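Chemist: What follows is structure11.json, JSON, C-alpha atoms.
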[["chain", "number", "residue", "atom", "x", "y", "z"],
["A", 81, "GLY", "CA", 67.48, 216.11, 22.51],
["A", 82, "ALA", "CA", 67.31, 219.83, 22.99],
["A", 83, "VAL", "CA", 65.52, 221.58, 20.15],
["A", 84, "VAL", "CA", 65.67, 225.23, 19.23],
["A", 85, "SER", "CA", 63.09, 226.54, 16.82],
["A", 86, "GLN", "CA", 63.79, 229.69, 14.86],
["A", 87, "HIS", "CA", 61.10, 231.48, 12.88],
["A", 88, "PRO", "CA", 60.75, 232.54, 10.15],
["A", 89, "SER", "CA", 63.24, 230.59, 8.08],
["A", 90, "ARG", "CA", 63.11, 233.15, 5.29],
["A", 91, "VAL", "CA", 61.84, 236.69, 5.15],
["A", 92, "ILE", "CA", 61.91, 239.38, 2.50],
["A", 93, "CYS", "CA", 61.18, 242.94, 3.51],
["A", 94, "LYS", "CA", 61.38, 246.40, 2.03],
["A", 95, "SER", "CA", 64.04, 248.85, 3.01],
["A", 96, "GLY", "CA", 63.01, 250.91, 6.02],
["A", 97, "THR", "CA", 60.73, 248.32, 7.57],
["A", 98, "SER", "CA", 61.37, 246.22, 10.67],
["A", 99, "VAL", "CA", 61.57, 242.47, 10.93],
["A", 100, "LYS", "CA", 61.24, 240.29, 14.01],
["A", 101, "ILE", "CA", 62.90, 236.89, 14.31],
["A", 102, "GLU", "CA", 61.90, 234.49, 17.06],
["A", 103, "CYS", "CA", 64.03, 231.89, 18.77],
["A", 104, "ARG", "CA", 62.39, 229.33, 21.03],
["A", 105, "SER", "CA", 63.81, 226.51, 23.08],
["A", 106, "LEU", "CA", 61.14, 223.84, 22.78],
["A", 107, "ASP", "CA", 62.00, 221.30, 25.43],
["A", 108, "PHE", "CA", 64.35, 223.04, 27.80],
["A", 109, "GLN", "CA", 64.78, 226.32, 29.62],
["A", 110, "ALA", "CA", 67.55, 228.37, 28.11],
["A", 111, "THR", "CA", 69.48, 230.37, 30.64],
["A", 112, "THR", "CA", 71.29, 232.18, 27.88],
["A", 113, "MET", "CA", 70.59, 232.75, 24.21],
["A", 114, "PHE", "CA", 72.92, 234.04, 21.54],
["A", 115, "TRP", "CA", 72.41, 235.73, 18.21],
["A", 116, "TYR", "CA", 74.83, 235.31, 15.34],
["A", 117, "ARG", "CA", 75.16, 236.58, 11.84],
["A", 118, "GLN", "CA", 76.64, 234.20, 9.31],
["A", 119, "PHE", "CA", 78.46, 235.64, 6.36],
["A", 120, "PRO", "CA", 78.82, 234.18, 2.85],
["A", 121, "LYS", "CA", 82.18, 232.60, 3.63],
["A", 122, "LYS", "CA", 80.50, 230.82, 6.53],
["A", 123, "SER", "CA", 82.11, 232.67, 9.42],
["A", 124, "LEU", "CA", 79.82, 233.25, 12.36],
["A", 125, "MET", "CA", 79.82, 236.61, 14.04],
["A", 126, "LEU", "CA", 78.45, 236.79, 17.54],
["A", 127, "MET", "CA", 76.12, 239.76, 17.72],
["A", 128, "ALA", "CA", 74.80, 239.62, 21.25],
["A", 129, "THR", "CA", 74.23, 237.52, 24.31],
["A", 130, "SER", "CA", 70.92, 237.64, 26.12],
["A", 131, "ASN", "CA", 69.83, 236.40, 29.50],
["A", 132, "GLU", "CA", 66.22, 236.15, 30.51],
["A", 133, "GLY", "CA", 64.93, 239.27, 32.16],
["A", 134, "SER", "CA", 67.99, 241.41, 31.58],
["A", 135, "LYS", "CA", 69.36, 243.59, 28.84],
["A", 136, "ALA", "CA", 71.33, 241.94, 26.09],
["A", 137, "THR", "CA", 75.09, 242.32, 25.92],
["A", 138, "TYR", "CA", 76.11, 243.44, 22.46],
["A", 139, "GLU", "CA", 79.43, 242.76, 20.80],
["A", 140, "GLN", "CA", 81.56, 245.65, 19.72],
["A", 141, "GLY", "CA", 80.39, 247.16, 16.50],
["A", 142, "VAL", "CA", 76.83, 245.85, 16.72],
["A", 143, "GLU", "CA", 74.26, 248.64, 16.87],
["A", 144, "LYS", "CA", 71.95, 248.18, 19.84],
["A", 145, "ASP", "CA", 69.27, 250.42, 18.43],
["A", 146, "LYS", "CA", 69.23, 248.63, 15.14],
["A", 147, "PHE", "CA", 69.25, 245.06, 16.42],
["A", 148, "LEU", "CA", 66.81, 244.96, 19.30],
["A", 149, "ILE", "CA", 66.95, 241.84, 21.41],
["A", 150, "ASN", "CA", 64.30, 240.85, 23.90],
["A", 151, "HIS", "CA", 64.56, 237.80, 26.11],
["A", 152, "ALA", "CA", 61.16, 237.79, 27.77],
["A", 153, "SER", "CA", 61.17, 234.24, 29.09],
["A", 154, "LEU", "CA", 63.42, 231.25, 29.54],
["A", 155, "THR", "CA", 62.17, 229.81, 26.27],
["A", 156, "LEU", "CA", 61.90, 232.80, 23.97],
["A", 157, "SER", "CA", 64.26, 235.43, 22.63],
["A", 158, "THR", "CA", 63.51, 237.78, 19.74],
["A", 159, "LEU", "CA", 65.73, 239.79, 17.43],
["A", 160, "THR", "CA", 64.17, 242.78, 15.70],
["A", 161, "VAL", "CA", 66.03, 244.35, 12.83],
["A", 162, "THR", "CA", 64.75, 247.91, 12.80],
["A", 163, "SER", "CA", 64.70, 250.13, 9.73],
["A", 164, "ALA", "CA", 66.30, 247.40, 7.69],
["A", 165, "HIS", "CA", 68.57, 248.23, 4.78],
["A", 166, "PRO", "CA", 69.97, 246.03, 2.02],
["A", 167, "GLU", "CA", 73.28, 245.69, 3.86],
["A", 168, "ASP", "CA", 71.40, 243.97, 6.68],
["A", 169, "SER", "CA", 70.58, 241.13, 4.32],
["A", 170, "SER", "CA", 72.20, 238.09, 5.84],
["A", 171, "PHE", "CA", 71.68, 234.78, 7.57],
["A", 172, "TYR", "CA", 70.85, 235.17, 11.25],
["A", 173, "ILE", "CA", 71.20, 232.28, 13.65],
["A", 174, "CYS", "CA", 70.18, 231.93, 17.27],
["A", 175, "SER", "CA", 71.44, 229.46, 19.80],
["A", 176, "ALA", "CA", 70.54, 228.58, 23.34],
["A", 177, "VAL", "CA", 72.33, 226.97, 26.21],
["A", 178, "GLN", "CA", 70.92, 225.09, 29.14],
["A", 179, "GLY", "CA", 73.01, 225.23, 32.26],
["A", 180, "ALA", "CA", 76.44, 226.71, 32.74],
["A", 181, "PRO", "CA", 77.45, 228.38, 29.47],
["A", 182, "ASP", "CA", 81.13, 227.55, 29.77],
["A", 183, "ASN", "CA", 80.68, 223.80, 29.76],
["A", 184, "SER", "CA", 77.38, 223.24, 28.05],
["A", 185, "PRO", "CA", 76.95, 222.84, 24.30],
["A", 186, "LEU", "CA", 75.00, 225.35, 22.28],
["A", 187, "HIS", "CA", 71.80, 224.27, 20.56],
["A", 188, "PHE", "CA", 71.20, 226.12, 17.33],
["A", 189, "GLY", "CA", 68.16, 227.16, 15.42],
["A", 190, "ASN", "CA", 68.13, 226.54, 11.68],
["A", 191, "GLY", "CA", 68.63, 230.20, 10.92],
["A", 192, "THR", "CA", 66.70, 232.96, 9.18],
["A", 193, "ARG", "CA", 67.59, 234.22, 5.73],
["A", 194, "LEU", "CA", 66.76, 237.93, 5.65],
["A", 195, "THR", "CA", 66.64, 239.72, 2.33],
["A", 196, "VAL", "CA", 66.05, 243.47, 2.33],
["A", 197, "THR", "CA", 65.00, 244.92, -1.01],
["B", 258, "GLY", "CA", 91.74, 238.04, 24.86],
["B", 259, "ASP", "CA", 90.59, 234.50, 24.26],
["B", 260, "SER", "CA", 90.42, 233.38, 20.67],
["B", 261, "VAL", "CA", 90.21, 230.47, 18.30],
["B", 262, "THR", "CA", 92.25, 230.05, 15.15],
["B", 263, "GLN", "CA", 90.97, 227.54, 12.71],
["B", 264, "MET", "CA", 92.48, 226.07, 9.58],
["B", 265, "GLU", "CA", 91.14, 227.79, 6.53],
["B", 266, "GLY", "CA", 89.48, 225.84, 3.81],
["B", 267, "PRO", "CA", 88.05, 224.77, 1.65],
["B", 268, "VAL", "CA", 89.27, 221.21, 1.98],
["B", 269, "THR", "CA", 88.55, 218.63, -0.70],
["B", 270, "LEU", "CA", 89.26, 214.96, -0.07],
["B", 271, "SER", "CA", 88.54, 211.68, -1.74],
["B", 272, "GLU", "CA", 86.36, 209.19, 0.05],
["B", 273, "GLU", "CA", 88.23, 207.14, 2.67],
["B", 274, "ALA", "CA", 91.01, 209.71, 2.97],
["B", 275, "PHE", "CA", 92.32, 210.84, 6.35],
["B", 276, "LEU", "CA", 91.08, 214.18, 7.61],
["B", 277, "THR", "CA", 92.70, 216.71, 9.91],
["B", 278, "ILE", "CA", 91.28, 220.15, 10.55],
["B", 279, "ASN", "CA", 93.54, 222.21, 12.77],
["B", 280, "CYS", "CA", 92.28, 224.34, 15.62],
["B", 281, "THR", "CA", 94.37, 226.24, 18.13],
["B", 282, "TYR", "CA", 93.18, 228.45, 20.91],
["B", 283, "THR", "CA", 94.24, 231.15, 23.30],
["B", 284, "ALA", "CA", 92.44, 231.18, 26.61],
["B", 285, "THR", "CA", 92.72, 232.16, 30.21],
["B", 286, "GLY", "CA", 91.93, 229.18, 32.33],
["B", 287, "TYR", "CA", 90.84, 225.89, 30.85],
["B", 288, "PRO", "CA", 87.55, 226.23, 29.02],
["B", 289, "SER", "CA", 85.71, 223.38, 27.40],
["B", 290, "LEU", "CA", 86.37, 222.98, 23.69],
["B", 291, "PHE", "CA", 83.82, 222.11, 21.05],
["B", 292, "TRP", "CA", 83.52, 221.15, 17.41],
["B", 293, "TYR", "CA", 80.28, 222.00, 15.67],
["B", 294, "VAL", "CA", 79.20, 220.91, 12.22],
["B", 295, "GLN", "CA", 76.84, 222.50, 9.72],
["B", 296, "TYR", "CA", 75.57, 220.16, 7.01],
["B", 297, "PRO", "CA", 74.25, 221.70, 3.80],
["B", 298, "GLY", "CA", 70.88, 223.30, 4.38],
["B", 299, "GLU", "CA", 70.87, 222.55, 8.10],
["B", 300, "GLY", "CA", 71.59, 224.36, 11.34],
["B", 301, "LEU", "CA", 74.76, 223.97, 13.35],
["B", 302, "GLN", "CA", 74.93, 221.02, 15.67],
["B", 303, "LEU", "CA", 77.36, 219.78, 18.23],
["B", 304, "LEU", "CA", 79.79, 217.20, 16.89],
["B", 305, "LEU", "CA", 81.95, 216.59, 19.94],
["B", 306, "LYS", "CA", 83.42, 218.25, 22.98],
["B", 307, "ALA", "CA", 86.16, 217.91, 25.58],
["B", 308, "THR", "CA", 85.95, 219.52, 28.97],
["B", 309, "LYS", "CA", 89.50, 219.27, 30.29],
["B", 310, "ALA", "CA", 93.10, 218.71, 29.25],
["B", 311, "ASP", "CA", 93.86, 215.33, 27.67],
["B", 312, "ASP", "CA", 90.19, 214.56, 27.24],
["B", 313, "LYS", "CA", 89.28, 213.08, 23.88],
["B", 314, "GLY", "CA", 85.92, 213.90, 22.38],
["B", 315, "SER", "CA", 84.56, 211.53, 19.76],
["B", 316, "ASN", "CA", 81.45, 211.11, 17.65],
["B", 317, "LYS", "CA", 80.59, 209.62, 14.25],
["B", 318, "GLY", "CA", 84.18, 208.51, 13.76],
["B", 319, "PHE", "CA", 85.56, 211.99, 14.43],
["B", 320, "GLU", "CA", 87.96, 212.60, 17.30],
["B", 321, "ALA", "CA", 89.67, 215.58, 18.89],
["B", 322, "THR", "CA", 91.99, 215.68, 21.88],
["B", 323, "TYR", "CA", 92.27, 218.65, 24.22],
["B", 324, "ARG", "CA", 96.01, 219.37, 24.23],
["B", 325, "LYS", "CA", 97.00, 221.91, 26.81],
["B", 326, "GLU", "CA", 100.69, 221.84, 25.94],
["B", 327, "THR", "CA", 100.09, 222.81, 22.32],
["B", 328, "THR", "CA", 96.79, 224.67, 22.96],
["B", 329, "SER", "CA", 95.19, 222.67, 20.21],
["B", 330, "PHE", "CA", 92.02, 220.73, 19.52],
["B", 331, "HIS", "CA", 92.51, 219.31, 16.05],
["B", 332, "LEU", "CA", 89.66, 217.39, 14.47],
["B", 333, "GLU", "CA", 90.52, 214.04, 12.86],
["B", 334, "LYS", "CA", 88.78, 211.23, 11.07],
["B", 335, "GLY", "CA", 90.48, 208.19, 9.70],
["B", 336, "SER", "CA", 88.26, 207.60, 6.69],
["B", 337, "VAL", "CA", 85.91, 210.30, 5.48],
["B", 338, "GLN", "CA", 82.68, 209.67, 3.63],
["B", 339, "VAL", "CA", 80.72, 211.78, 1.17],
["B", 340, "SER", "CA", 78.16, 212.35, 3.91],
["B", 341, "ASP", "CA", 80.82, 214.18, 5.97],
["B", 342, "SER", "CA", 80.77, 217.07, 3.53],
["B", 343, "ALA", "CA", 79.91, 220.07, 5.70],
["B", 344, "VAL", "CA", 81.36, 223.13, 7.38],
["B", 345, "TYR", "CA", 83.17, 222.49, 10.66],
["B", 346, "PHE", "CA", 83.60, 225.06, 13.43],
["B", 347, "CYS", "CA", 85.90, 224.98, 16.42],
["B", 348, "ALA", "CA", 84.76, 226.91, 19.50],
["B", 349, "LEU", "CA", 85.77, 227.80, 23.03],
["B", 350, "GLY", "CA", 83.27, 227.05, 25.74],
["B", 351, "ASN", "CA", 83.83, 230.15, 27.78],
["B", 352, "GLN", "CA", 83.24, 232.44, 24.89],
["B", 353, "PHE", "CA", 80.80, 232.06, 22.14],
["B", 354, "TYR", "CA", 83.02, 233.06, 19.33],
["B", 355, "PHE", "CA", 83.50, 230.76, 16.43],
["B", 356, "GLY", "CA", 86.29, 230.47, 13.97],
["B", 357, "THR", "CA", 85.84, 231.07, 10.30],
["B", 358, "GLY", "CA", 84.73, 227.51, 9.74],
["B", 359, "THR", "CA", 86.36, 224.95, 7.46],
["B", 360, "SER", "CA", 84.38, 223.72, 4.51],
["B", 361, "LEU", "CA", 84.96, 220.06, 3.73],
["B", 362, "THR", "CA", 83.94, 218.42, 0.47],
["B", 363, "VAL", "CA", 84.39, 214.68, 0.09],
["B", 364, "ILE", "CA", 84.28, 213.34, -3.44],
["B", 365, "PRO", "CA", 83.48, 209.75, -4.32]]
Mind turning this structure into structure tokens?

Modeler:
Amino acid sequence: GAVVSQHPSRVICKSGTSVKIECRSLDFQATTMFWYRQFPKKSLMLMATSNEGSKATYEQGVEKDKFLINHASLTLSTLTVTSAHPEDSSFYICSAVQGAPDNSPLHFGNGTRLTVT
Amino acid sequence: GDSVTQMEGPVTLSEEAFLTINCTYTATGYPSLFWYVQYPGEGLQLLLKATKADDKGSNKGFEATYRKETTSFHLEKGSVQVSDSAVYFCALGNQFYFGTGTSLTVIP
């Protein structure tokens, strides 16, 4: 089946530094990739939608300059948390879809636990 | 706009009990509907889906029927097992918003 690899699984960084999270579709070409933030009560918040070769579409309230998304190829999207602060500590999850987004299931990475000290 | 409303948890059941997790939606058009599951320590994965009205999605003993008249996609299982303990998410296919998730714990 379709596999999405997300790396790293855990990262600890100091306040003010930047962290890059990678999301790769290993055995399929992902037309669209999504980035979510999962909160302690398990709700998933969609942060942005990215399509290969174009700028990401950010959800309302998500800072574009803070959460930089690059979708350089059909198998790789990256999320960079710039100038991280403790409130950015969270669980970030990527997902990818192959084919028409409205009818195709999402394939999720295992998530990245970010802790900012 | 389109949205999903999901039954809040947590839900605790004894093994072999009947499970229902409610999900209702608001949508323009007729998007596909999905249930995803997140087992402890794992990533989300697709549980089942239905692509049009009256379709029934099923997997691992779970079922959900796409009901246009009640705009619902409730998840059911006749006899839950301890291994079903997880967080369950209902989702619309034309948007990639998820509900709050419903945490299920099954006790022996």

Chemist: Taking (72.4, 224.3, 10.9) in the file's own coordinates, collect the residues within 9 Å, counting all atoms listed in the file, and hand them back as a list in words.

Modeler: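 Answer for this query, in the requested form: Ile173, Phe188, Gly189, Asn190 and Gly191 of chain A; Val294, Gln295, Tyr296, Pro297, Gly298, Glu299, Gly300, Leu301 and Gln302 of chain B.
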
Chemist: Point out the residue among B:Gly318, B:Glu326, B:Pro365, B:Ser360 with the least atom-to-atom distance to Ile278 in chain B, counting all atoms listed in the file.

Modeler: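 Between B:Gly318, B:Glu326, B:Pro365, B:Ser360, the residue approaching Ile278 in chain B most closely is B:Ser360.
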
Chemist: Mind giving me the straight-line distance from CA of Phe275 in chain B to CA of Gln263 in chain B in Å, one decimal?

Modeler: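 Going from CA of Phe275 in chain B over to CA of Gln263 in chain B covers 17.9 Å.
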
Chemist: Given the point (68.3, 227.1, 20.6) in the coordinates of this file, which residues lie within 8 Å, counting all atoms listed in the file, and how would they look as a ChimeraX atom specification?

Modeler: /A:82-86,103-105,110,113,174-177,186-189

Chemist: In terms of the shortest atom-to-atom distance over only C-alpha atoms, which of B:Cys347, B:Val337, B:Phe353, B:Phe319 is closest to Val268 in chain B?

Modeler: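 The closest residue to Val268 in chain B is B:Val337.
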
Chemist: What are the closest atom pairs, with distances in Å to one decimal, for each residue of chain B lying within 6 Å of chain A, using only C-alpha atoms, rows by chain and rising residue number, as CSV?

Modeler:
residue,atom,partner,partner_atom,distance
B:Ser289,CA,A:Asn183,CA,5.6
B:Gly300,CA,A:Asn190,CA,4.1
B:Leu301,CA,A:Phe188,CA,5.8
B:Gly350,CA,A:Asp182,CA,4.6
B:Asn351,CA,A:Asp182,CA,4.2
B:Thr357,CA,A:Ser123,CA,4.2
B:Gly358,CA,A:Ser123,CA,5.8

Chemist: If you keep C-alpha atoms, can you produce a file of those selected residues as a tab-separated table (two decimals), in the coordinates of the input?

Modeler:
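Output file again.tsv follows:
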chain	number	residue	atom	x	y	z
B	289	SER	CA	85.71	223.38	27.40
B	300	GLY	CA	71.59	224.36	11.34
B	301	LEU	CA	74.76	223.97	13.35
B	350	GLY	CA	83.27	227.05	25.74
B	351	ASN	CA	83.83	230.15	27.78
B	357	THR	CA	85.84	231.07	10.30
B	358	GLY	CA	84.73	227.51	9.74

Chemist: Would you list the contacts of Phe291 in chain B as number ranges by chain, taking every protein, DNA or RNA residue within 12 Å and counting all atoms listed in the file, but skipping same-chain residues closer than 5 positions in sequence?

Modeler: A: 182-186; B: 261, 280-282, 302-309, 312-316, 320-323, 329-332, 345-356

Chemist: Give me the residues within 7 Å of Val363 in chain B as a list in words, counting only C-alpha atoms and dropping any in the same chain fewer than 5 places off.

Modeler: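 Everything that qualifies: Thr269, Leu270, Ser271, Glu272, Gln338, Val339, Asp341 and Ser342 of chain B.
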
Chemist: Write out as a PyMOL selection string each polymer residue whose atoms come within 8 Å of range 138-150 of chain A, counting all atoms listed in the file; drop sequence neighbours fewer than 2 positions from it.

Modeler: chain A and resi 126-130+135-136+152+157-163

Chemist: To one decimal in Å, tell me the separation between CA of Ser98 in chain A and CA of Ala164 in chain A.

Modeler: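 CA of Ala164 in chain A lies 5.9 Å from CA of Ser98 in chain A.
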
Chemist: Between CA of Met264 in chain B and CA of Asp168 in chain A, what is the distance in Å, rounded to a tenth?

Modeler: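 CA of Asp168 in chain A lies 27.8 Å from CA of Met264 in chain B.
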
Chemist: Which one of B:Asp311, B:Glu273, B:Glu265, B:Glu333 sits closest to Trp292 in chain B if you count all atoms listed in the file?

Modeler: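 Answer, going by the shortest atom-to-atom distance: B:Glu333.
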
Chemist: Select, from B:Thr328, B:Leu361, B:Ala343, B:Gly266, the residue with the minimum atom-to-atom distance to Ala284 in chain B, counting all atoms listed in the file.

Modeler: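 Closest to Ala284 in chain B of all the choices is B:Thr328.
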